[in-house]
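Okay, structure first, notes after.
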Amino acid sequence: MSEVDQEKNRFSARAARYARVGANMGGIAARLAGARFLGLPLDRGRNAIELAAALGGLKGPIMKVAQLMATIPDALPPEYAAELATLQSEAPPMGWAFVKRRMMAELGPDWSKRFAQFEHHPAAAASLGQVHRGRAHDGAELACKLQYPDMQSAVEADLKQLDLIFAIHRRMDPAIDTSEIAQEIGARIREELDYRREAKHVALYRAILSDSDLIRVPKPWPDLSTGRLLTLDWVDGGHLLTHKDAPLAIRNRLATAMFTAWWFPFSRFGVIHGDPHLGNYSVFERDGEAGGINLLDYGCIRIFPPSFVGGVVDLYNGLRSRDDDLIVHAYETWGFQNLTRDLIDTLNIWARFIYGPLIDDRVRSIADGVKPGEYGRRQAFEVHKALKEKGPVRVPREFVFMDRAAIGLGGVFLHLRAELNFYRLFNEAIENFSVQRVAAQQGGALAAVGLSN
């Protein structure tokens, strides 16, 4: 059998797995509906394991969705969240024969002449595509991210599975109305398929972080990029966790770089990297030691309305000064509706957890005595318990990736065992803040790279 035929069989098998997963999840949903109709107890642990087993066979974009959902309090039942959090986002790499056909489709029949060198084997494989190392004719080292074939259909199939997950959740008397969450995830995942847009994200971050010596952003190569091929500078770097036992000064330097890479673009330009997991950055060396971080992936970038950024700052100031009116104003700005005293108190559980280190003006860890994988779990349980008595509460769509970034960053700080004054870092980020200033800076930065909100 030829390599091309093997690849066709591989992707045909993936399509068959999608059909099987739909049937498996439909069976779980039907069983839950029957149990509820008959008043029978639900075995959530068993159902969660079955769901994770069904989804685990896909190893496609749904893994990214599942891991995201596991970070949002009560977006899924806790048993489901725990199972889905164990899944890995991986996909089988394309073989060389298939890569050549894909590169020809993107850059034309003479595509190989546009590179001085192009490695046959991928340097990395992920949920939407794989990365090949190359070299430009001027000697520059390149990273070429090539999208797997027919990923638009795969993503749409995954989003249908997500709808089934939410349908299952609705039959469990949820505390959260997930309708806007589903819309937000669908919009962001679809954006990730557009590599031209991702190239603009890279250009945007290069401009925003150009003055930082702790953060490096690769340069995009537009002439070697298309809607399904993204070519960037290759940036050398090691894994962050190799530095978890480094001297405290180095660990703090890396944590400061991470904090700056996420909070500075958000507070000044209303832009945030919505997926801060360990595979999206590496550590570069300077003078023989860890000098800072390389930002590697720009598919999941969220551009917020300036008013939402204002709500984040208002909530911070309201919690710090115990100004209930400002706190309520912040939640309303975000889009929370029908706020009652009990609901505000419940939302404040999560808000005080996220903002706690930013309000405390001292050198400290992000959360004392907490393991990286447990960051936020106790607070999420408290929120779940309280909302069950008052829900369902509709979560505004902008909250999804804001929450993901906060939890992801907290986990990184715990891995590094960083000890920083997060209060000072945050207040430096929001210095001279105003919604009008964010609007002006965001508009200018987006226009410069050809993006719009």
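Within each chain, counting starts at residue 1; across the structure tokens, chains are named A, B, ... in the order shown, with ligands numbered 1 upward in that order.
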
Mind checking which residues fall within 12 Å of Val438 of chain A, counting only C-alpha atoms, ignoring those fewer than 3 positions away in the same chain, and posting them as a PDB file with N, CA, C and O atoms, in the first residue's frame?
```pdb
ATOM      1  N   PHE A 264      -0.120  42.586  29.978  1.00  0.00           N
ATOM      2  CA  PHE A 264       0.171  43.860  29.318  1.00  0.00           C
ATOM      3  C   PHE A 264      -0.652  44.036  28.042  1.00  0.00           C
ATOM      4  O   PHE A 264      -1.302  45.078  27.855  1.00  0.00           O
ATOM      5  N   PRO A 265      -0.690  43.056  27.119  1.00  0.00           N
ATOM      6  CA  PRO A 265      -1.537  43.244  25.925  1.00  0.00           C
ATOM      7  C   PRO A 265      -3.007  43.416  26.275  1.00  0.00           C
ATOM      8  O   PRO A 265      -3.716  44.172  25.592  1.00  0.00           O
ATOM      9  N   PHE A 266      -3.468  42.746  27.327  1.00  0.00           N
ATOM     10  CA  PHE A 266      -4.875  42.869  27.683  1.00  0.00           C
ATOM     11  C   PHE A 266      -5.193  44.245  28.243  1.00  0.00           C
ATOM     12  O   PHE A 266      -6.147  44.912  27.818  1.00  0.00           O
ATOM     13  N   SER A 267      -4.404  44.707  29.197  1.00  0.00           N
ATOM     14  CA  SER A 267      -4.722  45.961  29.885  1.00  0.00           C
ATOM     15  C   SER A 267      -4.490  47.184  29.016  1.00  0.00           C
ATOM     16  O   SER A 267      -5.123  48.223  29.227  1.00  0.00           O
ATOM     17  N   ARG A 268      -3.602  47.099  28.017  1.00  0.00           N
ATOM     18  CA  ARG A 268      -3.317  48.254  27.166  1.00  0.00           C
ATOM     19  C   ARG A 268      -4.038  48.206  25.815  1.00  0.00           C
ATOM     20  O   ARG A 268      -4.342  49.252  25.245  1.00  0.00           O
ATOM     21  N   PHE A 269      -4.287  46.979  25.314  1.00  0.00           N
ATOM     22  CA  PHE A 269      -4.838  46.850  23.963  1.00  0.00           C
ATOM     23  C   PHE A 269      -6.100  45.986  23.900  1.00  0.00           C
ATOM     24  O   PHE A 269      -6.663  45.805  22.825  1.00  0.00           O
ATOM     25  N   GLY A 270      -6.517  45.419  25.040  1.00  0.00           N
ATOM     26  CA  GLY A 270      -7.715  44.581  25.043  1.00  0.00           C
ATOM     27  C   GLY A 270      -7.544  43.280  24.291  1.00  0.00           C
ATOM     28  O   GLY A 270      -8.498  42.755  23.732  1.00  0.00           O
ATOM     29  N   VAL A 271      -6.334  42.729  24.300  1.00  0.00           N
ATOM     30  CA  VAL A 271      -6.035  41.490  23.571  1.00  0.00           C
ATOM     31  C   VAL A 271      -5.437  40.487  24.541  1.00  0.00           C
ATOM     32  O   VAL A 271      -4.607  40.849  25.388  1.00  0.00           O
ATOM     33  N   ILE A 303      -9.799  39.203  21.145  1.00  0.00           N
ATOM     34  CA  ILE A 303      -9.821  40.665  21.149  1.00  0.00           C
ATOM     35  C   ILE A 303     -11.110  41.097  21.839  1.00  0.00           C
ATOM     36  O   ILE A 303     -12.202  40.761  21.394  1.00  0.00           O
ATOM     37  N   PHE A 304     -10.985  41.842  22.932  1.00  0.00           N
ATOM     38  CA  PHE A 304     -12.132  42.205  23.760  1.00  0.00           C
ATOM     39  C   PHE A 304     -12.611  43.624  23.465  1.00  0.00           C
ATOM     40  O   PHE A 304     -11.796  44.501  23.123  1.00  0.00           O
ATOM     41  N   PRO A 305     -13.894  43.884  23.650  1.00  0.00           N
ATOM     42  CA  PRO A 305     -14.347  45.273  23.631  1.00  0.00           C
ATOM     43  C   PRO A 305     -13.654  46.039  24.762  1.00  0.00           C
ATOM     44  O   PRO A 305     -13.483  45.503  25.864  1.00  0.00           O
ATOM     45  N   PRO A 306     -13.227  47.264  24.518  1.00  0.00           N
ATOM     46  CA  PRO A 306     -12.574  48.038  25.584  1.00  0.00           C
ATOM     47  C   PRO A 306     -13.414  48.129  26.853  1.00  0.00           C
ATOM     48  O   PRO A 306     -12.863  48.167  27.967  1.00  0.00           O
ATOM     49  N   SER A 307     -14.741  48.144  26.708  1.00  0.00           N
ATOM     50  CA  SER A 307     -15.598  48.211  27.898  1.00  0.00           C
ATOM     51  C   SER A 307     -15.421  46.985  28.786  1.00  0.00           C
ATOM     52  O   SER A 307     -15.522  47.083  30.020  1.00  0.00           O
ATOM     53  N   PHE A 308     -15.169  45.808  28.181  1.00  0.00           N
ATOM     54  CA  PHE A 308     -14.949  44.609  28.978  1.00  0.00           C
ATOM     55  C   PHE A 308     -13.665  44.742  29.795  1.00  0.00           C
ATOM     56  O   PHE A 308     -13.620  44.349  30.964  1.00  0.00           O
ATOM     57  N   VAL A 309     -12.625  45.305  29.179  1.00  0.00           N
ATOM     58  CA  VAL A 309     -11.371  45.541  29.906  1.00  0.00           C
ATOM     59  C   VAL A 309     -11.639  46.491  31.071  1.00  0.00           C
ATOM     60  O   VAL A 309     -11.127  46.302  32.185  1.00  0.00           O
ATOM     61  N   GLY A 310     -12.480  47.502  30.828  1.00  0.00           N
ATOM     62  CA  GLY A 310     -12.860  48.417  31.902  1.00  0.00           C
ATOM     63  C   GLY A 310     -13.540  47.692  33.044  1.00  0.00           C
ATOM     64  O   GLY A 310     -13.302  48.001  34.225  1.00  0.00           O
ATOM     65  N   VAL A 313     -10.917  45.974  35.263  1.00  0.00           N
ATOM     66  CA  VAL A 313     -10.240  46.925  36.153  1.00  0.00           C
ATOM     67  C   VAL A 313     -11.203  47.422  37.234  1.00  0.00           C
ATOM     68  O   VAL A 313     -10.819  47.567  38.405  1.00  0.00           O
ATOM     69  N   ILE A 430      -1.802  48.289  34.563  1.00  0.00           N
ATOM     70  CA  ILE A 430      -2.991  49.135  34.402  1.00  0.00           C
ATOM     71  C   ILE A 430      -2.710  50.605  34.710  1.00  0.00           C
ATOM     72  O   ILE A 430      -3.642  51.398  34.850  1.00  0.00           O
ATOM     73  N   GLU A 431      -1.439  50.961  34.791  1.00  0.00           N
ATOM     74  CA  GLU A 431      -1.084  52.359  35.077  1.00  0.00           C
ATOM     75  C   GLU A 431      -1.691  53.286  34.020  1.00  0.00           C
ATOM     76  O   GLU A 431      -1.636  53.018  32.823  1.00  0.00           O
ATOM     77  N   ASN A 432      -2.303  54.387  34.482  1.00  0.00           N
ATOM     78  CA  ASN A 432      -2.951  55.376  33.605  1.00  0.00           C
ATOM     79  C   ASN A 432      -4.051  54.757  32.750  1.00  0.00           C
ATOM     80  O   ASN A 432      -4.298  55.185  31.614  1.00  0.00           O
ATOM     81  N   PHE A 433      -4.726  53.742  33.306  1.00  0.00           N
ATOM     82  CA  PHE A 433      -5.759  53.046  32.544  1.00  0.00           C
ATOM     83  C   PHE A 433      -6.983  53.919  32.314  1.00  0.00           C
ATOM     84  O   PHE A 433      -7.419  54.660  33.188  1.00  0.00           O
ATOM     85  N   SER A 434      -7.551  53.798  31.130  1.00  0.00           N
ATOM     86  CA  SER A 434      -8.875  54.327  30.829  1.00  0.00           C
ATOM     87  C   SER A 434      -9.427  53.543  29.655  1.00  0.00           C
ATOM     88  O   SER A 434      -8.674  53.069  28.802  1.00  0.00           O
ATOM     89  N   VAL A 435     -10.739  53.387  29.620  1.00  0.00           N
ATOM     90  CA  VAL A 435     -11.379  52.671  28.518  1.00  0.00           C
ATOM     91  C   VAL A 435     -11.098  53.385  27.199  1.00  0.00           C
ATOM     92  O   VAL A 435     -10.850  52.741  26.166  1.00  0.00           O
ATOM     93  N   GLN A 441      -5.747  52.793  21.512  1.00  0.00           N
ATOM     94  CA  GLN A 441      -4.570  51.967  21.249  1.00  0.00           C
ATOM     95  C   GLN A 441      -4.946  50.692  20.512  1.00  0.00           C
ATOM     96  O   GLN A 441      -4.221  50.251  19.603  1.00  0.00           O
ATOM     97  N   GLN A 442      -6.080  50.112  20.890  1.00  0.00           N
ATOM     98  CA  GLN A 442      -6.524  48.899  20.206  1.00  0.00           C
ATOM     99  C   GLN A 442      -6.837  49.183  18.745  1.00  0.00           C
ATOM    100  O   GLN A 442      -6.399  48.454  17.849  1.00  0.00           O
ATOM    101  N   GLY A 443      -7.574  50.250  18.486  1.00  0.00           N
ATOM    102  CA  GLY A 443      -7.932  50.588  17.120  1.00  0.00           C
ATOM    103  C   GLY A 443      -6.730  50.808  16.250  1.00  0.00           C
ATOM    104  O   GLY A 443      -6.661  50.304  15.104  1.00  0.00           O
ATOM    105  N   GLY A 444      -5.740  51.540  16.764  1.00  0.00           N
ATOM    106  CA  GLY A 444      -4.533  51.790  15.985  1.00  0.00           C
ATOM    107  C   GLY A 444      -3.724  50.536  15.734  1.00  0.00           C
ATOM    108  O   GLY A 444      -3.251  50.313  14.611  1.00  0.00           O
ATOM    109  N   ALA A 445      -3.582  49.678  16.756  1.00  0.00           N
ATOM    110  CA  ALA A 445      -2.787  48.462  16.616  1.00  0.00           C
ATOM    111  C   ALA A 445      -3.445  47.477  15.652  1.00  0.00           C
ATOM    112  O   ALA A 445      -2.764  46.856  14.816  1.00  0.00           O
ATOM    113  N   LEU A 446      -4.763  47.323  15.757  1.00  0.00           N
ATOM    114  CA  LEU A 446      -5.456  46.392  14.870  1.00  0.00           C
ATOM    115  C   LEU A 446      -5.413  46.867  13.419  1.00  0.00           C
ATOM    116  O   LEU A 446      -5.209  46.066  12.499  1.00  0.00           O
TER     117      LEU A 446
END
```

### Query
When DSSP works through the backbone of this structure, what residues of segment 177-366 of chain A end up as alpha helix (DSSP H), shown as a count of residues only?
96

Rows by chain and residue number, segment 156-212 of chain A within 12 Å of segment 232-251 of chain A, shortest pair, only C-alpha atoms, as CSV:
```
residue,atom,partner,partner_atom,distance
A:Tyr195,CA,A:Leu232,CA,11.3
A:Arg196,CA,A:Leu232,CA,11.9
A:Glu198,CA,A:Leu232,CA,10.7
A:Ala199,CA,A:Leu232,CA,8.4
A:Lys200,CA,A:Leu232,CA,11.5
A:His201,CA,A:Leu232,CA,11.9
A:Val202,CA,A:Leu232,CA,8.8
A:Ala203,CA,A:Leu232,CA,10.4
A:Arg206,CA,A:Leu232,CA,11.9
```

### Contacts of Phe353 of chain A within 12 Å, only C-alpha atoms, excl. fewer than 4 positions in-chain, as a count of residues only
24

Residue neighbourhood segment 184-187 of chain A, 10 Å, only C-alpha atoms, exclusion window fewer than 5 positions, as an mmCIF file with N, CA and C atoms, in the first residue's frame:
```
data_model
loop_
_atom_site.group_PDB
_atom_site.id
_atom_site.type_symbol
_atom_site.label_atom_id
_atom_site.label_comp_id
_atom_site.auth_asym_id
_atom_site.auth_seq_id
_atom_site.Cartn_x
_atom_site.Cartn_y
_atom_site.Cartn_z
ATOM 1 N N LYS A 64 -9.039 20.111 22.466
ATOM 2 C CA LYS A 64 -8.806 21.499 22.870
ATOM 3 C C LYS A 64 -10.047 22.060 23.547
ATOM 4 N N VAL A 65 -11.205 21.744 22.970
ATOM 5 C CA VAL A 65 -12.474 22.193 23.545
ATOM 6 C C VAL A 65 -12.676 21.575 24.916
ATOM 7 N N LEU A 68 -10.479 23.030 27.610
ATOM 8 C CA LEU A 68 -10.936 24.376 27.942
ATOM 9 C C LEU A 68 -12.133 24.316 28.883
ATOM 10 N N MET A 69 -13.102 23.463 28.550
ATOM 11 C CA MET A 69 -14.316 23.364 29.350
ATOM 12 C C MET A 69 -14.022 22.942 30.773
ATOM 13 N N VAL A 155 -13.616 20.278 12.436
ATOM 14 C CA VAL A 155 -13.983 21.217 13.484
ATOM 15 C C VAL A 155 -15.502 21.312 13.625
ATOM 16 N N GLU A 156 -16.197 21.385 12.500
ATOM 17 C CA GLU A 156 -17.659 21.459 12.586
ATOM 18 C C GLU A 156 -18.236 20.199 13.233
ATOM 19 N N ASP A 158 -16.661 18.378 15.447
ATOM 20 C CA ASP A 158 -16.338 18.500 16.871
ATOM 21 C C ASP A 158 -17.315 19.417 17.590
ATOM 22 N N LEU A 159 -17.663 20.529 16.946
ATOM 23 C CA LEU A 159 -18.578 21.467 17.589
ATOM 24 C C LEU A 159 -19.966 20.851 17.747
ATOM 25 N N LYS A 160 -20.334 19.952 16.864
ATOM 26 C CA LYS A 160 -21.599 19.227 17.047
ATOM 27 C C LYS A 160 -21.504 18.307 18.265
ATOM 28 N N LEU A 162 -19.682 18.957 20.816
ATOM 29 C CA LEU A 162 -19.763 19.875 21.950
ATOM 30 C C LEU A 162 -21.219 20.178 22.287
ATOM 31 N N THR A 178 -24.988 27.472 29.491
ATOM 32 C CA THR A 178 -23.775 27.424 28.673
ATOM 33 C C THR A 178 -23.978 27.927 27.244
ATOM 34 N N SER A 179 -25.115 28.555 26.952
ATOM 35 C CA SER A 179 -25.408 28.926 25.568
ATOM 36 C C SER A 179 -24.360 29.876 24.991
ATOM 37 N N GLU A 192 -9.251 29.755 14.518
ATOM 38 C CA GLU A 192 -7.956 29.083 14.507
ATOM 39 C C GLU A 192 -7.660 28.395 13.184
ATOM 40 N N ARG A 302 -7.885 36.382 21.741
ATOM 41 C CA ARG A 302 -9.201 36.990 21.952
ATOM 42 C C ARG A 302 -9.061 38.509 22.004
ATOM 43 N N PRO A 396 -21.440 35.288 30.444
ATOM 44 C CA PRO A 396 -21.126 36.044 29.219
ATOM 45 C C PRO A 396 -19.982 35.397 28.452
ATOM 46 N N ARG A 397 -20.049 35.464 27.144
ATOM 47 C CA ARG A 397 -19.091 34.740 26.310
ATOM 48 C C ARG A 397 -17.663 35.231 26.495
ATOM 49 N N GLU A 398 -17.474 36.531 26.766
ATOM 50 C CA GLU A 398 -16.112 37.052 26.929
ATOM 51 C C GLU A 398 -15.411 36.454 28.145
ATOM 52 N N PHE A 399 -16.197 35.946 29.098
ATOM 53 C CA PHE A 399 -15.618 35.406 30.331
ATOM 54 C C PHE A 399 -14.809 34.140 30.055
ATOM 55 N N VAL A 400 -15.134 33.406 28.983
ATOM 56 C CA VAL A 400 -14.573 32.079 28.753
ATOM 57 C C VAL A 400 -13.049 32.111 28.689
ATOM 58 N N PHE A 401 -12.489 32.918 27.800
ATOM 59 C CA PHE A 401 -11.046 32.905 27.610
ATOM 60 C C PHE A 401 -10.321 33.767 28.635
#
```

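Distance annotation: of A:Asn317, A:Ser225, A:Gln147, A:Asn252, the residue with the minimal separation from Arg417 of chain A is A:Asn252; atom set is only C-alpha atoms.
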
### Task
Would you mind listing what lies within 9 Å of Thr256 of chain A as a ChimeraX atom specification, with only C-alpha atoms counted and same-chain residues fewer than 6 positions away left out?
/A:214,292,418,420,425

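Checking A:Arg437, A:Ala143, A:Val363, A:Val99 one by one against Ser112 of chain A, counting only C-alpha atoms, you find the shortest gap at A:Val99.
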
### Query
For Asn280 of chain A, which residue among A:Asp150, A:Asp177, A:Asp297, A:Asp138 is the nearest when counting only C-alpha atoms?
A:Asp297

### Task
For Gly129 of chain A, please output as a PyMOL selection string all residues within 9 Å (counting only C-alpha atoms; exclusion window: fewer than 5 positions along the same chain).
chain A and resi 91+93-94+124+145-149+151+228

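Proximity of A:Gly318, A:Gly369, A:Pro220, A:Pro109 to Ala351 of chain A, computed with only C-alpha atoms, is greatest for A:Gly318.
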
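Atom CA of Met402 of chain A to atom CA of Gly274 of chain A spans 6.9 Å [interatomic distance, one decimal].
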
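Residue nearest Cys300 of chain A within the list A:Leu326, A:Pro392, A:Arg404, A:Ile215: A:Arg404 [criterion: smallest interatomic distance, only C-alpha atoms].
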
### Query
So which residues of segment 155-388 of chain A fall under strand (DSSP E) by DSSP, listed as number ranges by chain?
A: 176-177, 215-216, 229-233, 271-273, 281-286, 289-295, 301-303

Would you write out those residues with N, CA and C atoms, as a JSON list (two decimals), in the first residue's frame?
```
[["chain", "number", "residue", "atom", "x", "y", "z"],
["A", 176, "ILE", "N", -25.08, 26.54, 35.46],
["A", 176, "ILE", "CA", -24.65, 27.54, 34.48],
["A", 176, "ILE", "C", -25.36, 27.31, 33.15],
["A", 177, "ASP", "N", -25.87, 28.40, 32.58],
["A", 177, "ASP", "CA", -26.42, 28.39, 31.23],
["A", 177, "ASP", "C", -25.25, 28.52, 30.27],
["A", 215, "ILE", "N", 10.42, 38.77, 26.40],
["A", 215, "ILE", "CA", 9.48, 38.04, 25.55],
["A", 215, "ILE", "C", 9.91, 38.18, 24.09],
["A", 216, "ARG", "N", 9.96, 37.07, 23.39],
["A", 216, "ARG", "CA", 10.30, 37.09, 21.98],
["A", 216, "ARG", "C", 9.13, 36.56, 21.16],
["A", 229, "LEU", "N", -1.37, 27.54, 5.66],
["A", 229, "LEU", "CA", 0.06, 27.37, 5.90],
["A", 229, "LEU", "C", 0.59, 28.65, 6.53],
["A", 230, "LEU", "N", 1.21, 28.52, 7.69],
["A", 230, "LEU", "CA", 1.76, 29.68, 8.39],
["A", 230, "LEU", "C", 3.25, 29.47, 8.59],
["A", 231, "THR", "N", 4.05, 30.37, 8.03],
["A", 231, "THR", "CA", 5.50, 30.30, 8.17],
["A", 231, "THR", "C", 5.99, 31.44, 9.05],
["A", 232, "LEU", "N", 6.73, 31.08, 10.08],
["A", 232, "LEU", "CA", 7.29, 32.04, 11.03],
["A", 232, "LEU", "C", 8.77, 31.77, 11.19],
["A", 233, "ASP", "N", 9.48, 32.72, 11.80],
["A", 233, "ASP", "CA", 10.84, 32.45, 12.23],
["A", 233, "ASP", "C", 10.86, 31.24, 13.16],
["A", 271, "VAL", "N", -6.33, 42.73, 24.30],
["A", 271, "VAL", "CA", -6.03, 41.49, 23.57],
["A", 271, "VAL", "C", -5.44, 40.49, 24.54],
["A", 272, "ILE", "N", -5.86, 39.24, 24.44],
["A", 272, "ILE", "CA", -5.31, 38.24, 25.36],
["A", 272, "ILE", "C", -5.08, 36.94, 24.62],
["A", 273, "HIS", "N", -4.04, 36.24, 25.04],
["A", 273, "HIS", "CA", -3.74, 34.90, 24.55],
["A", 273, "HIS", "C", -4.59, 33.93, 25.36],
["A", 281, "TYR", "N", 4.74, 27.99, 24.59],
["A", 281, "TYR", "CA", 5.89, 28.86, 24.77],
["A", 281, "TYR", "C", 7.10, 28.01, 25.12],
["A", 282, "SER", "N", 8.27, 28.58, 24.92],
["A", 282, "SER", "CA", 9.51, 27.92, 25.30],
["A", 282, "SER", "C", 10.42, 28.97, 25.95],
["A", 283, "VAL", "N", 11.52, 28.52, 26.50],
["A", 283, "VAL", "CA", 12.43, 29.40, 27.22],
["A", 283, "VAL", "C", 13.70, 29.61, 26.41],
["A", 284, "PHE", "N", 14.05, 30.87, 26.15],
["A", 284, "PHE", "CA", 15.30, 31.15, 25.44],
["A", 284, "PHE", "C", 16.40, 31.47, 26.44],
["A", 285, "GLU", "N", 17.64, 31.27, 26.01],
["A", 285, "GLU", "CA", 18.78, 31.53, 26.88],
["A", 285, "GLU", "C", 19.45, 32.84, 26.51],
["A", 286, "ARG", "N", 19.99, 33.48, 27.52],
["A", 286, "ARG", "CA", 20.78, 34.69, 27.33],
["A", 286, "ARG", "C", 21.94, 34.63, 28.33],
["A", 289, "GLU", "N", 22.02, 31.42, 30.63],
["A", 289, "GLU", "CA", 20.93, 31.06, 31.54],
["A", 289, "GLU", "C", 19.60, 31.49, 30.94],
["A", 290, "ALA", "N", 18.52, 31.04, 31.55],
["A", 290, "ALA", "CA", 17.18, 31.35, 31.05],
["A", 290, "ALA", "C", 16.97, 32.86, 31.04],
["A", 291, "GLY", "N", 16.68, 33.39, 29.82],
["A", 291, "GLY", "CA", 16.53, 34.84, 29.71],
["A", 291, "GLY", "C", 15.11, 35.31, 29.59],
["A", 292, "GLY", "N", 14.19, 34.44, 29.15],
["A", 292, "GLY", "CA", 12.79, 34.83, 28.98],
["A", 292, "GLY", "C", 12.06, 33.78, 28.19],
["A", 293, "ILE", "N", 10.91, 34.14, 27.63],
["A", 293, "ILE", "CA", 10.06, 33.17, 26.95],
["A", 293, "ILE", "C", 9.85, 33.52, 25.48],
["A", 294, "ASN", "N", 9.73, 32.49, 24.66],
["A", 294, "ASN", "CA", 9.27, 32.62, 23.28],
["A", 294, "ASN", "C", 7.78, 32.30, 23.25],
["A", 295, "LEU", "N", 6.98, 33.19, 22.66],
["A", 295, "LEU", "CA", 5.56, 32.89, 22.43],
["A", 295, "LEU", "C", 5.45, 32.21, 21.07],
["A", 301, "ILE", "N", -6.33, 33.80, 19.98],
["A", 301, "ILE", "CA", -6.20, 35.18, 20.48],
["A", 301, "ILE", "C", -7.60, 35.77, 20.59],
["A", 302, "ARG", "N", -7.89, 36.38, 21.74],
["A", 302, "ARG", "CA", -9.20, 36.99, 21.95],
["A", 302, "ARG", "C", -9.06, 38.51, 22.00],
["A", 303, "ILE", "N", -9.80, 39.20, 21.14],
["A", 303, "ILE", "CA", -9.82, 40.67, 21.15],
["A", 303, "ILE", "C", -11.11, 41.10, 21.84]]
```
